[in-house]
Amino acid sequence: MEDTVNCHANGDAVQGTVVSSWNEWDPLKHVIVGRATGSHIPPPEPALDAKVPEDSDMRGMWGQRTQDSIDRGNELLDRFSAQLEQRGIKVDRPIPIDFSQPITTPDFHTDAQFGCMPPRDVLLTVGNEIVEATMSYRCRWFEYLCYRPLLQRYWEEDPNFRHEAAPKPRLTDADYRPDYLDVRISVQQRLEWTSQKYFVTTEHEPLFDAADVLRLGRDLVVQHGFTTNLKGIEWLRRHFPDHRVHAVNFPGDPYPIHIDATFTPLRPGLLLNNPQRRLPDEQRQMFEDSDWQILDAAQPAHNSPPPLCYSSTWLSMNVLVLDPKTVCVEKTEVYQADQIDKLGFEVVEVELRDAYAFGGGLHCSTADVYREGHCEDYFPHLEDC
Ligand code: DAV
C-alpha cells in the first residue's frame, strides 16, 4: 500500500459484486456492455443539433432506427460481451426503457429519447462509486433508468458501493447558445468558436456527460466542450475532493463531445491523442513533467462514419483496455490495431462498426464496474488537492 493514495476506500477483490475502478487500464474484471434495443434518432433539440454536421444524413429525421439495424447492433454487442466473458470478465447488460416515450418536465418537452448503447456516457465509476452524470441532451434525461436495476443490485451486494446521482439539470433554453441553432454554420466558424471555448452549452448550471472524464488514478482529466461545461467540471472537483480535476479542451475539434475519441490512455505513462485535436501546449505540461508520452493516434481506416452515425471516424481510437498489456480494437480499424500492436500490446479484435451508429465504439459501449488495483498518483509532482 506504500504507493497507494487514500482516495476514499480502496476495493479489494471479494466474492459477489464489488464496485471499484480507478483508471482506464488496470485488469478489467466486471463491466457493463450496452444494448441497441429500441434505439432512436432523437428529435431535434439544441445541443444535439450542434453535434450533427451540416451535410449529415441525419439532418431532419428522427424516430426509431430500423429493426434490421438494431438486430445487427445487438448481435455485435452480444458477441463483444461473449468475447469479454470468455476472458473471464463478468458482463452485465442494461434494461432498455421504451425510448419512444416523450419526456415532459416543468422545463422542457421532447418527443422521444435516445437509447442505451453507450453506458460510458452516463455512468462515471471512480473507485467504489458510480455517479450518474447530469447529461446535457434532453433526450438523454432519463437514460440512467436503464442502469438502475444494475446499480440497485450492486448496492445490495456491495456494502461499500456508493451510488450517486449528480443534480438533474433543468435543460431550459438558457443552457444552450442560440448561435449554434443556425444550420448554416461553417466548419471554419465552428473551429473558431471551439478554439475560443465558445461551446453550445452555456454556464447556466452544471452539465457533464461521464464520457468527458478520463480516470488516471488520483487525477481526473475532463474535456470542456459541447457536453460538459466548466460548472460541470467544478461540480466534479467538489464531489471528488481527494482527486485533482483538470479541465482540458481540444481546439481542432469542431464538434467536441466526449473525450474518448480524442485522448486515449493505454497504460500509465502512455496516451494517444487525435492528431486533428491536439492538446494545447500549456495543458501538456502535467504529462510532460511526469514523463508521460503523448503519441499521435493512427489514422482511422474509414473515410466516413457508417450511415446515421453521430460520431466521427475517430471512433478508431475508442479502444477498450483490458489490462496494461491487452487492448480491444475494432476489427476494421487496421491502422489503429497496427499502431497498438507495435507499441507492444496484445490486440484483441472486436467487430463493432455496424453498432457505431447507436452511440459509439468499444469504450463508449462499456462502463467499468471492477478493475483490479488501487488509486495511485501518476503525477506525483503536482500539488496536493
Ligand atoms: O469523434 O465523434 C465520439 C465520442 C462518442 N462517445 C467523435 C466523438
# chains A, B, ... in the order shown; residues from 1 in each chain; ligands from 1
call {"tool": "closest_atom_pairs", "arguments": {"of": "region 154-193 of chain A", "to": "region 217-238 of chain A", "cutoff": "10 Å", "atoms": "only C-alpha atoms", "output": "Markdown table"}}
result
| residue | atom | partner | partner_atom | distance |
| --- | --- | --- | --- | --- |
| A:Ala166 | CA | A:Trp235 | CA | 8.4 |
| A:Pro167 | CA | A:Trp235 | CA | 9.5 |
| A:Asp175 | CA | A:Asn229 | CA | 9.9 |
| A:Tyr176 | CA | A:Phe226 | CA | 9.4 |
call {"tool": "residues_near_ligand", "arguments": {"ligand": "ligand 1", "cutoff": "8 Å", "atoms": "only C-alpha atoms and all ligand atoms", "output": "compact mmCIF listing (two decimals) with N, CA and C atoms, in the first residue's frame"}}
result
# COMPACT_ATOMS: atom_id res chain seq x y z
N PRO A 118 -24.48 3.33 -25.22
CA PRO A 118 -23.22 3.79 -24.62
C PRO A 118 -23.30 4.10 -23.12
N ARG A 120 -20.99 4.35 -21.09
CA ARG A 120 -19.86 5.21 -20.70
C ARG A 120 -20.28 6.67 -20.61
N ASP A 121 -21.30 7.04 -21.41
CA ASP A 121 -21.72 8.44 -21.43
C ASP A 121 -22.42 8.83 -20.12
N ALA A 211 -18.67 10.49 -20.24
CA ALA A 211 -17.64 10.15 -21.24
C ALA A 211 -16.68 11.30 -21.52
N TYR A 255 -16.74 19.61 -33.26
CA TYR A 255 -17.92 19.06 -32.56
C TYR A 255 -17.46 18.36 -31.28
N PRO A 256 -16.92 19.10 -30.31
CA PRO A 256 -16.29 18.41 -29.18
C PRO A 256 -17.27 17.82 -28.18
N ILE A 257 -17.55 16.53 -28.37
CA ILE A 257 -18.30 15.81 -27.32
C ILE A 257 -17.51 14.56 -26.97
N HIS A 258 -17.34 14.31 -25.70
CA HIS A 258 -16.74 13.08 -25.16
C HIS A 258 -15.27 12.97 -25.53
N ILE A 259 -14.48 12.67 -24.52
CA ILE A 259 -13.02 12.70 -24.67
C ILE A 259 -12.48 11.43 -25.33
N ASP A 260 -13.34 10.39 -25.46
CA ASP A 260 -12.77 9.08 -25.76
C ASP A 260 -12.59 8.75 -27.25
N ALA A 261 -12.68 9.73 -28.12
CA ALA A 261 -12.19 9.55 -29.50
C ALA A 261 -11.12 10.62 -29.76
N THR A 262 -10.56 11.15 -28.68
CA THR A 262 -9.63 12.28 -28.77
C THR A 262 -8.36 12.05 -27.96
N TYR A 310 -23.67 9.48 -35.26
CA TYR A 310 -23.34 10.79 -34.71
C TYR A 310 -21.84 11.00 -34.58
N SER A 311 -21.09 9.91 -34.48
CA SER A 311 -19.69 10.04 -34.13
C SER A 311 -18.84 10.18 -35.38
N SER A 312 -17.61 10.62 -35.19
CA SER A 312 -16.68 10.81 -36.31
C SER A 312 -15.95 9.49 -36.59
N THR A 313 -15.14 9.51 -37.63
CA THR A 313 -14.35 8.32 -37.98
C THR A 313 -13.32 7.99 -36.90
N TRP A 314 -13.11 8.94 -35.98
CA TRP A 314 -12.10 8.74 -34.93
C TRP A 314 -12.55 7.77 -33.84
N LEU A 315 -13.69 7.13 -34.03
CA LEU A 315 -14.01 6.01 -33.13
C LEU A 315 -12.94 4.94 -33.26
N ASN A 318 -11.26 4.72 -30.10
CA ASN A 318 -12.16 4.49 -28.96
C ASN A 318 -11.99 3.04 -28.48
N GLY A 359 -24.23 4.87 -30.81
CA GLY A 359 -23.68 5.72 -29.75
C GLY A 359 -22.19 5.60 -29.53
N GLY A 360 -21.48 4.93 -30.45
CA GLY A 360 -20.03 4.97 -30.30
C GLY A 360 -19.35 3.63 -30.47
N GLY A 361 -18.10 3.57 -29.99
CA GLY A 361 -17.26 2.40 -30.20
C GLY A 361 -17.09 1.56 -28.94
N HIS A 363 -15.11 1.73 -26.30
CA HIS A 363 -15.05 2.39 -24.98
C HIS A 363 -16.42 2.93 -24.62
N CYS A 364 -17.08 3.59 -25.59
CA CYS A 364 -18.42 4.15 -25.34
C CYS A 364 -19.41 3.09 -24.89
call {"tool": "select_by_dssp", "arguments": {"residues": "region 51-176 of chain A", "states": "helix (DSSP H, G or I)", "output": "MDAnalysis selection string"}}
result
chainID A and resid 51 67:86 119:121 138:140 143:146 148:157 173:175
call {"tool": "atom_distance", "arguments": {"atom1": "CA of Ile97 (chain A)", "atom2": "CA of Val122 (chain A)"}}
result
14.7 Å
call {"tool": "closest_residue", "arguments": {"among": "A:Ile185, A:Gln283, A:Pro241, A:Asn23", "to": "Leu216 (chain A)", "atoms": "only C-alpha atoms"}}
result
A:Asn23
call {"tool": "residues_around", "arguments": {"residues": "region 193-202 of chain A", "least_positions_apart": "3", "cutoff": "12 Å", "atoms": "only C-alpha atoms", "output": "number ranges by chain"}}
result
A: 45-51, 135-137, 171-182, 185-190, 205-208, 223-232, 247-257, 277-280
call {"tool": "select_by_dssp", "arguments": {"residues": "region 173-359 of chain A", "states": "strand (DSSP E or B)", "output": "count of residues only"}}
result
43
call {"tool": "residues_around", "arguments": {"residues": "region 80-88 of chain A", "least_positions_apart": "6", "cutoff": "12 Å", "atoms": "only C-alpha atoms", "output": "VMD selection string"}}
result
chain A and resid 27 to 35 73 to 74 320 to 323 326 to 331 348 to 353 355 361 to 363 365 to 366
call {"tool": "write_last_selection", "arguments": {"atoms": "C-alpha atoms", "output": "mmCIF file, in the first residue's frame"}}
result
data_model
loop_
_atom_site.group_PDB
_atom_site.id
_atom_site.type_symbol
_atom_site.label_atom_id
_atom_site.label_comp_id
_atom_site.auth_asym_id
_atom_site.auth_seq_id
_atom_site.Cartn_x
_atom_site.Cartn_y
_atom_site.Cartn_z
ATOM 1 C CA PRO A 27 -7.124 -5.513 -15.280
ATOM 2 C CA LEU A 28 -10.846 -5.393 -16.089
ATOM 3 C CA LYS A 29 -12.982 -7.968 -14.268
ATOM 4 C CA HIS A 30 -16.552 -6.660 -14.418
ATOM 5 C CA VAL A 31 -18.125 -4.373 -16.988
ATOM 6 C CA ILE A 32 -21.459 -3.166 -18.352
ATOM 7 C CA VAL A 33 -21.990 -3.519 -22.121
ATOM 8 C CA GLY A 34 -24.831 -1.518 -23.714
ATOM 9 C CA ARG A 35 -27.692 -2.657 -25.932
ATOM 10 C CA GLY A 73 -26.155 -3.828 -33.492
ATOM 11 C CA ASN A 74 -27.363 -6.206 -30.790
ATOM 12 C CA LEU A 320 -11.130 -0.659 -24.521
ATOM 13 C CA VAL A 321 -8.052 -1.512 -22.464
ATOM 14 C CA LEU A 322 -8.428 -4.911 -20.744
ATOM 15 C CA ASP A 323 -5.164 -4.688 -18.821
ATOM 16 C CA THR A 326 -4.101 -6.010 -23.759
ATOM 17 C CA VAL A 327 -6.301 -3.680 -25.806
ATOM 18 C CA CYS A 328 -9.570 -4.326 -27.687
ATOM 19 C CA VAL A 329 -9.588 -2.561 -31.071
ATOM 20 C CA GLU A 330 -12.443 -2.547 -33.595
ATOM 21 C CA LYS A 331 -11.737 -5.189 -36.232
ATOM 22 C CA VAL A 348 -7.962 -8.206 -29.350
ATOM 23 C CA GLU A 349 -10.070 -7.654 -32.469
ATOM 24 C CA VAL A 350 -13.737 -6.893 -31.841
ATOM 25 C CA GLU A 351 -16.271 -6.396 -34.628
ATOM 26 C CA LEU A 352 -18.451 -3.391 -33.739
ATOM 27 C CA ARG A 353 -18.590 -0.955 -36.665
ATOM 28 C CA ALA A 355 -23.095 -0.709 -33.932
ATOM 29 C CA GLY A 361 -17.258 2.400 -30.200
ATOM 30 C CA LEU A 362 -15.720 -0.086 -27.787
ATOM 31 C CA HIS A 363 -15.052 2.392 -24.984
ATOM 32 C CA SER A 365 -20.374 0.905 -25.287
ATOM 33 C CA THR A 366 -18.908 -0.174 -21.947
#
call {"tool": "closest_residue", "arguments": {"among": "A:Gln113, A:Thr37, A:Gln152, A:Gln336", "to": "Thr17 (chain A)", "atoms": "only C-alpha atoms"}}
result
A:Gln152
call {"tool": "closest_residue", "arguments": {"among": "A:Asn273, A:Ser39, A:Thr332, A:Asn303", "to": "Asp71 (chain A)", "atoms": "only C-alpha atoms"}}
result
A:Ser39
call {"tool": "closest_residue", "arguments": {"among": "A:Tyr335, A:Phe379, A:Phe263, A:Trp155", "to": "Asn128 (chain A)", "atoms": "only C-alpha atoms"}}
result
A:Trp155
call {"tool": "atom_distance", "arguments": {"atom1": "CA of Gln285 (chain A)", "atom2": "CA of His243 (chain A)"}}
result
18.1 Å
call {"tool": "closest_residue", "arguments": {"among": "A:Arg267, A:His239, A:Lys342, A:Arg184", "to": "Ala165 (chain A)", "atoms": "only C-alpha atoms"}}
result
A:His239
call {"tool": "atom_distance", "arguments": {"atom1": "CA of Ala112 (chain A)", "atom2": "CA of Arg59 (chain A)"}}
result
15.9 Å
call {"tool": "residues_around", "arguments": {"residues": "Leu270 (chain A)", "least_positions_apart": "6", "cutoff": "12 Å", "atoms": "only C-alpha atoms", "output": "PyMOL selection string"}}
result
chain A and resi 24-25+216+263-264+287-288+290-297+324-325+340+343-345+378
call {"tool": "closest_residue", "arguments": {"among": "A:Gly60, A:Gly38, A:Pro94, A:Gly269", "to": "Phe114 (chain A)", "atoms": "only C-alpha atoms"}}
result
A:Gly38
call {"tool": "decode", "arguments": {"residues": "region 331-367 of chain A", "atoms": "N, CA and C atoms", "output": "mmCIF file, in the first residue's frame"}}
result
data_model
loop_
_atom_site.group_PDB
_atom_site.id
_atom_site.type_symbol
_atom_site.label_atom_id
_atom_site.label_comp_id
_atom_site.auth_asym_id
_atom_site.auth_seq_id
_atom_site.Cartn_x
_atom_site.Cartn_y
_atom_site.Cartn_z
ATOM 1 N N LYS A 331 -12.377 -4.301 -35.250
ATOM 2 C CA LYS A 331 -11.737 -5.189 -36.232
ATOM 3 C C LYS A 331 -11.311 -4.498 -37.528
ATOM 4 N N THR A 332 -12.117 -3.546 -38.011
ATOM 5 C CA THR A 332 -11.771 -2.928 -39.301
ATOM 6 C C THR A 332 -10.774 -1.779 -39.134
ATOM 7 N N GLU A 333 -10.483 -1.394 -37.894
ATOM 8 C CA GLU A 333 -9.584 -0.248 -37.663
ATOM 9 C C GLU A 333 -8.132 -0.731 -37.698
ATOM 10 N N VAL A 334 -7.710 -1.119 -38.894
ATOM 11 C CA VAL A 334 -6.431 -1.826 -39.042
ATOM 12 C C VAL A 334 -5.219 -0.950 -38.702
ATOM 13 N N TYR A 335 -5.291 0.347 -38.996
ATOM 14 C CA TYR A 335 -4.128 1.194 -38.704
ATOM 15 C C TYR A 335 -3.965 1.383 -37.203
ATOM 16 N N GLN A 336 -5.092 1.567 -36.530
ATOM 17 C CA GLN A 336 -5.042 1.717 -35.070
ATOM 18 C C GLN A 336 -4.547 0.427 -34.417
ATOM 19 N N ALA A 337 -5.025 -0.711 -34.926
ATOM 20 C CA ALA A 337 -4.592 -2.013 -34.389
ATOM 21 C C ALA A 337 -3.091 -2.175 -34.579
ATOM 22 N N ASP A 338 -2.618 -1.804 -35.763
ATOM 23 C CA ASP A 338 -1.201 -1.954 -36.072
ATOM 24 C C ASP A 338 -0.343 -1.092 -35.132
ATOM 25 N N GLN A 339 -0.779 0.150 -34.924
ATOM 26 C CA GLN A 339 -0.015 1.032 -34.037
ATOM 27 C C GLN A 339 0.053 0.448 -32.617
ATOM 28 N N ILE A 340 -1.079 -0.017 -32.127
ATOM 29 C CA ILE A 340 -1.121 -0.538 -30.751
ATOM 30 C C ILE A 340 -0.306 -1.832 -30.638
ATOM 31 N N ASP A 341 -0.371 -2.638 -31.688
ATOM 32 C CA ASP A 341 0.442 -3.861 -31.732
ATOM 33 C C ASP A 341 1.936 -3.507 -31.663
ATOM 34 N N LYS A 342 2.324 -2.511 -32.462
ATOM 35 C CA LYS A 342 3.755 -2.135 -32.497
ATOM 36 C C LYS A 342 4.215 -1.521 -31.173
ATOM 37 N N LEU A 343 3.269 -0.984 -30.418
ATOM 38 C CA LEU A 343 3.628 -0.444 -29.093
ATOM 39 C C LEU A 343 3.805 -1.563 -28.065
ATOM 40 N N GLY A 344 3.572 -2.808 -28.500
ATOM 41 C CA GLY A 344 3.869 -3.950 -27.632
ATOM 42 C C GLY A 344 2.667 -4.552 -26.919
ATOM 43 N N PHE A 345 1.466 -4.135 -27.322
ATOM 44 C CA PHE A 345 0.266 -4.690 -26.676
ATOM 45 C C PHE A 345 -0.224 -5.920 -27.445
ATOM 46 N N GLU A 346 -0.967 -6.780 -26.745
ATOM 47 C CA GLU A 346 -1.753 -7.787 -27.447
ATOM 48 C C GLU A 346 -3.030 -7.090 -27.918
ATOM 49 N N VAL A 347 -3.339 -7.196 -29.210
ATOM 50 C CA VAL A 347 -4.546 -6.568 -29.736
ATOM 51 C C VAL A 347 -5.650 -7.620 -29.831
ATOM 52 N N VAL A 348 -6.798 -7.326 -29.236
ATOM 53 C CA VAL A 348 -7.962 -8.206 -29.350
ATOM 54 C C VAL A 348 -8.910 -7.554 -30.349
ATOM 55 N N GLU A 349 -9.173 -8.223 -31.449
ATOM 56 C CA GLU A 349 -10.070 -7.654 -32.469
ATOM 57 C C GLU A 349 -11.521 -7.873 -32.065
ATOM 58 N N VAL A 350 -12.304 -6.805 -32.154
ATOM 59 C CA VAL A 350 -13.737 -6.893 -31.841
ATOM 60 C C VAL A 350 -14.503 -6.248 -32.986
ATOM 61 N N GLU A 351 -15.484 -6.962 -33.528
ATOM 62 C CA GLU A 351 -16.271 -6.396 -34.628
ATOM 63 C C GLU A 351 -17.388 -5.539 -34.033
ATOM 64 N N LEU A 352 -17.397 -4.235 -34.337
ATOM 65 C CA LEU A 352 -18.451 -3.391 -33.739
ATOM 66 C C LEU A 352 -18.922 -2.264 -34.662
ATOM 67 N N ARG A 353 -18.307 -2.132 -35.838
ATOM 68 C CA ARG A 353 -18.590 -0.955 -36.665
ATOM 69 C C ARG A 353 -20.079 -0.777 -36.962
ATOM 70 N N ASP A 354 -20.787 -1.870 -37.197
ATOM 71 C CA ASP A 354 -22.222 -1.734 -37.503
ATOM 72 C C ASP A 354 -23.036 -1.310 -36.276
ATOM 73 N N ALA A 355 -22.391 -1.220 -35.127
ATOM 74 C CA ALA A 355 -23.095 -0.709 -33.932
ATOM 75 C C ALA A 355 -22.677 0.720 -33.601
ATOM 76 N N TYR A 356 -21.721 1.278 -34.331
ATOM 77 C CA TYR A 356 -21.241 2.646 -34.030
ATOM 78 C C TYR A 356 -22.397 3.655 -33.987
ATOM 79 N N ALA A 357 -23.342 3.496 -34.922
ATOM 80 C CA ALA A 357 -24.410 4.497 -35.064
ATOM 81 C C ALA A 357 -25.267 4.618 -33.802
ATOM 82 N N PHE A 358 -25.251 3.587 -32.966
ATOM 83 C CA PHE A 358 -26.097 3.612 -31.767
ATOM 84 C C PHE A 358 -25.479 4.413 -30.626
ATOM 85 N N GLY A 359 -24.233 4.871 -30.811
ATOM 86 C CA GLY A 359 -23.683 5.718 -29.754
ATOM 87 C C GLY A 359 -22.193 5.603 -29.533
ATOM 88 N N GLY A 360 -21.479 4.934 -30.446
ATOM 89 C CA GLY A 360 -20.027 4.968 -30.302
ATOM 90 C C GLY A 360 -19.346 3.626 -30.465
ATOM 91 N N GLY A 361 -18.104 3.572 -29.994
ATOM 92 C CA GLY A 361 -17.258 2.400 -30.200
ATOM 93 C C GLY A 361 -17.092 1.558 -28.944
ATOM 94 N N LEU A 362 -15.938 0.911 -28.843
ATOM 95 C CA LEU A 362 -15.720 -0.086 -27.787
ATOM 96 C C LEU A 362 -15.679 0.535 -26.391
ATOM 97 N N HIS A 363 -15.112 1.734 -26.298
ATOM 98 C CA HIS A 363 -15.052 2.392 -24.984
ATOM 99 C C HIS A 363 -16.424 2.934 -24.619
ATOM 100 N N CYS A 364 -17.079 3.588 -25.586
ATOM 101 C CA CYS A 364 -18.416 4.154 -25.336
ATOM 102 C C CYS A 364 -19.414 3.091 -24.887
ATOM 103 N N SER A 365 -19.332 1.913 -25.506
ATOM 104 C CA SER A 365 -20.374 0.905 -25.287
ATOM 105 C C SER A 365 -20.158 0.114 -24.002
ATOM 106 N N THR A 366 -19.197 0.537 -23.195
ATOM 107 C CA THR A 366 -18.908 -0.174 -21.947
ATOM 108 C C THR A 366 -18.830 0.831 -20.788
ATOM 109 N N ALA A 367 -19.005 0.323 -19.578
ATOM 110 C CA ALA A 367 -18.727 1.137 -18.382
ATOM 111 C C ALA A 367 -18.134 0.204 -17.333
#
